[in-house]
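Structure, as structure tokens:
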Amino acid sequence: MQNRSQRSSRKDIDYCPDTFGDLFAVDATSQYGQFDPDCLSERLHFLTNTAQRLGFMSLQDAALADAEQYEVDDYTRERLQEFSVAGCHERLIALLFDRDVLETNGQHRLDIPAQVEKIYLSEFEALRKLDIMNKSLQDWDLDYFTEFSFLGIHTEMLKQAPNLLRLIHALAGIKLQENEPSPDSELQDNQSLTSRKQQRVVVIVFSLLANLRNRHTNFVQGMFSLFLFASKVPRRVQTVVNHVNMCVSSNTLRNFLKRAANEARSRLRSLGKGDEAFLLVFDNLTKYNKVRDQRILHCNFFLNFTVGFVLIPPPSRQHKMHTQADFNSNAIRTLALADVIPSPQDECDMGEAFLSHLSQVFTSCLERSEAPNKARFSSIKFPLRELFQINRADLPEFLPLPTYDQNEGVINEVIKILDYIQSDVGLSDERAIKNLLMVHGDFMTVRNVRYISLGDSNSREKGSSISPGRSRTHKSS
């Protein structure tokens with residue numbers, strides 16, 4: 001049996017008779033991808049037979065074998081580069097994957113396959129149907145601001161459309177998966193800042209595209225409108241920004257604010273119907289009304305208003321409203337100066353707190369300096385004591401009160417302020433007489449409120465049933 005590993009051909013036998021000769025030979029004007037169509041089928045058939053006689057299954061098999069020689073044959077590498085520069089490899093890939101080739105200015109580009117396009121469209125439809133993206137501004141919800149988070153929206157988008165997010169990140173030159181955080185705290189903060197900026201850009205891009213498909217998908221635009229409104233941006237500016245779909249229209253924003261105001265008013269009025277205690281805080285608001293052209297009846301003057309808010313303790317620290325039975329007026333006589341001034345332990349705690357802050361300033365300045373012996377002071381540390389650690393997951397709720405056109409510096413107007421507050425929180429006269437409410441403020445607020453006594457018949461006839469003076473005394477006792 002003849003060994004196939006050792007083959008030799010006889011030179012006197014013409015194994016591949018050539019019937020074409022040099023009729024179609026390339027010359028200096030020949031280019032890749034541009035061939036003579038004459039006798040094309042016969043020429044390809046001749047090449048296929050020749051390739052099969054030489055041990056290749058087809059012309060493509062022979063081309064693959066030739067391409068794999070680029071590491072050892074410089075001439076092969078040169079042919080591959082010329083073939084690629086001419087755009088022939090993209091045309092070949094398009095034929096293999098059934099993709100269209102787009103020709104622009106003599107350059108060939110691959111089109112996206114229909115299967116890939118369907119994947120991107122399906123993921124984009126999933127993004128458009130996210131609940132966080134379709135929160136309607138027509139229905140006010142207290143969770144609007146708590147649920148709005150670029151990080152949360154980006155995370156949800158990544159779950160629903162990983163391929164589309166990967167494409168957007170690639171176009172922006174962003175790595176979808178961040179590297180491990182650096183041990184350097186400053187570098188880690190910079191990485192986190194960059195990541196948050198990238199997430200905001202990606203969320204805004206998809207929100208704009210989703211709004212083009214459905215104008216009701218405008219949750220992100222609504223948040224931008226609220227920010228512009230809070231920043232006192234002129235309406236003309238908001239109109240221009242609305243034309244590029246970065247915010248909602250002024251009419252939509254106005255309707256949204258009306259519903260939000262009604263919801264806030266309803267939430268405030270519901271406090272008086274419950275049994276949970278809450279704190280009232282108000283103070284004066286003085287504004288100088290400057291007049292350009294002064295007249296006898298038109299001159300500069302100060303405007304005096306009163307603003308405030310209601311503080312609702314978190315669920316872990318809620319307490320029932322105090323009643324008149326909880327107030328021990330006899331204990332007032334037992335109060336001494338030691339019950340008011342700070343204790344020696346309080347002074348020690350305050351001293352350690354100031355010492356800790358001063359050490360932080362000293363350490364920061366020392367790190368920036370070039371002192372030769374600063375290493376001696378690097379071990380000096382004064383940590384801040386944790387006497388009462390605030391739990392950020394258990395925060396109180398703040399409800400703003402309306403602005404009252406009253407001056408808290410006048411006793412009669414303070415009575416009106418308390419009447420307005422009683423009405424705004426939904427507290428009936430009967431419950432206002434029965435319960436005690438805590439009122440906090442500066443010295444003038446506390447001093448003026450103390451003059452209003454629950455036992456005063458004039459105050460009761462005027463409807464002033466809140467007794468902040470006694471509630472403050474009850475707190476001290």
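Simple scheme: letters A, B, ... for chains in structure tokens order, numbers from 1 for residues in each chain, numbers from 1 for ligands in the order shown.
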Residues of region 240-320 of chain A that approach region 383-402 of chain A to 9 Å or less, counting only C-alpha atoms: could you list each one with the shortest pair of atoms and its distance in Å to one decimal, rows by chain and increasing residue number, as a tab-separated table?
residue	atom	partner	partner_atom	distance
A:Ala264	CA	A:Leu399	CA	7.7
A:Arg265	CA	A:Leu401	CA	8.9
A:Arg267	CA	A:Leu399	CA	8.4
A:Leu268	CA	A:Leu399	CA	6.9
A:Phe282	CA	A:Leu401	CA	8.5
A:Thr306	CA	A:Pro402	CA	8.7
A:Val307	CA	A:Leu401	CA	6.6
A:Gly308	CA	A:Leu401	CA	5.3
A:Phe309	CA	A:Pro400	CA	4.1
A:Val310	CA	A:Leu399	CA	5.1
A:Leu311	CA	A:Phe398	CA	4.8
A:Ile312	CA	A:Glu397	CA	5.0
A:Pro313	CA	A:Pro396	CA	4.7
A:Pro314	CA	A:Pro396	CA	4.6
A:Pro315	CA	A:Asp394	CA	7.7
A:Ser316	CA	A:Asp394	CA	7.5
Using DSSP on the backbone, list every residue of region 145-332 of chain A that comes out as helix (DSSP H, G or I), and give them as a VMD selection string.
-> chain A and resid 145 to 147 150 to 160 162 to 171 185 to 213 219 to 230 235 to 243 250 to 269 271 to 273 315 to 317 324 to 326 329 to 332
Work out how far apart CA of Gln238 (chain A) and CA of Phe224 (chain A) are and give it in Å to one decimal.
->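 Separating CA of Gln238 (chain A) from CA of Phe224 (chain A) is a distance of 9.8 Å.
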Please extract the residues of region 346-455 of chain A with a backbone DSSP assignment of strand (DSSP E or B) and present them as an mmCIF file with N, CA and C atoms, in the first residue's frame.
data_model
loop_
_atom_site.group_PDB
_atom_site.id
_atom_site.type_symbol
_atom_site.label_atom_id
_atom_site.label_comp_id
_atom_site.auth_asym_id
_atom_site.auth_seq_id
_atom_site.Cartn_x
_atom_site.Cartn_y
_atom_site.Cartn_z
ATOM 1 N N GLU A 397 -40.709 63.026 59.055
ATOM 2 C CA GLU A 397 -41.368 63.600 57.884
ATOM 3 C C GLU A 397 -41.675 65.067 58.154
ATOM 4 N N PHE A 398 -41.430 65.906 57.168
ATOM 5 C CA PHE A 398 -41.651 67.337 57.286
ATOM 6 C C PHE A 398 -42.754 67.746 56.312
ATOM 7 N N LEU A 399 -43.765 68.409 56.835
ATOM 8 C CA LEU A 399 -44.863 68.922 56.019
ATOM 9 C C LEU A 399 -44.878 70.442 56.150
ATOM 10 N N PRO A 400 -44.700 71.179 55.070
ATOM 11 C CA PRO A 400 -44.688 72.651 55.167
ATOM 12 C C PRO A 400 -46.077 73.206 55.419
ATOM 13 N N TYR A 404 -48.390 82.594 56.132
ATOM 14 C CA TYR A 404 -49.436 83.411 56.759
ATOM 15 C C TYR A 404 -49.042 84.884 56.695
ATOM 16 N N ASN A 435 -56.154 68.007 74.051
ATOM 17 C CA ASN A 435 -54.765 67.586 73.831
ATOM 18 C C ASN A 435 -53.804 68.770 73.941
ATOM 19 N N LEU A 436 -52.535 68.438 74.109
ATOM 20 C CA LEU A 436 -51.465 69.421 74.168
ATOM 21 C C LEU A 436 -50.569 69.240 72.947
ATOM 22 N N MET A 438 -47.027 70.422 70.878
ATOM 23 C CA MET A 438 -45.693 70.978 71.072
ATOM 24 C C MET A 438 -45.425 72.029 70.000
ATOM 25 N N VAL A 439 -45.023 73.231 70.439
ATOM 26 C CA VAL A 439 -44.692 74.323 69.532
ATOM 27 C C VAL A 439 -43.247 74.727 69.785
ATOM 28 N N HIS A 440 -42.445 74.707 68.729
ATOM 29 C CA HIS A 440 -41.040 75.062 68.835
ATOM 30 C C HIS A 440 -40.786 76.317 68.015
#
Could you pull the residues within 10 Å of Asn218 (chain A), counting only C-alpha atoms, minus those fewer than 2 positions along the same chain, as a ChimeraX atom specification?
-> /A:133-137,207-208,210-212,214-216,220-224,245-248
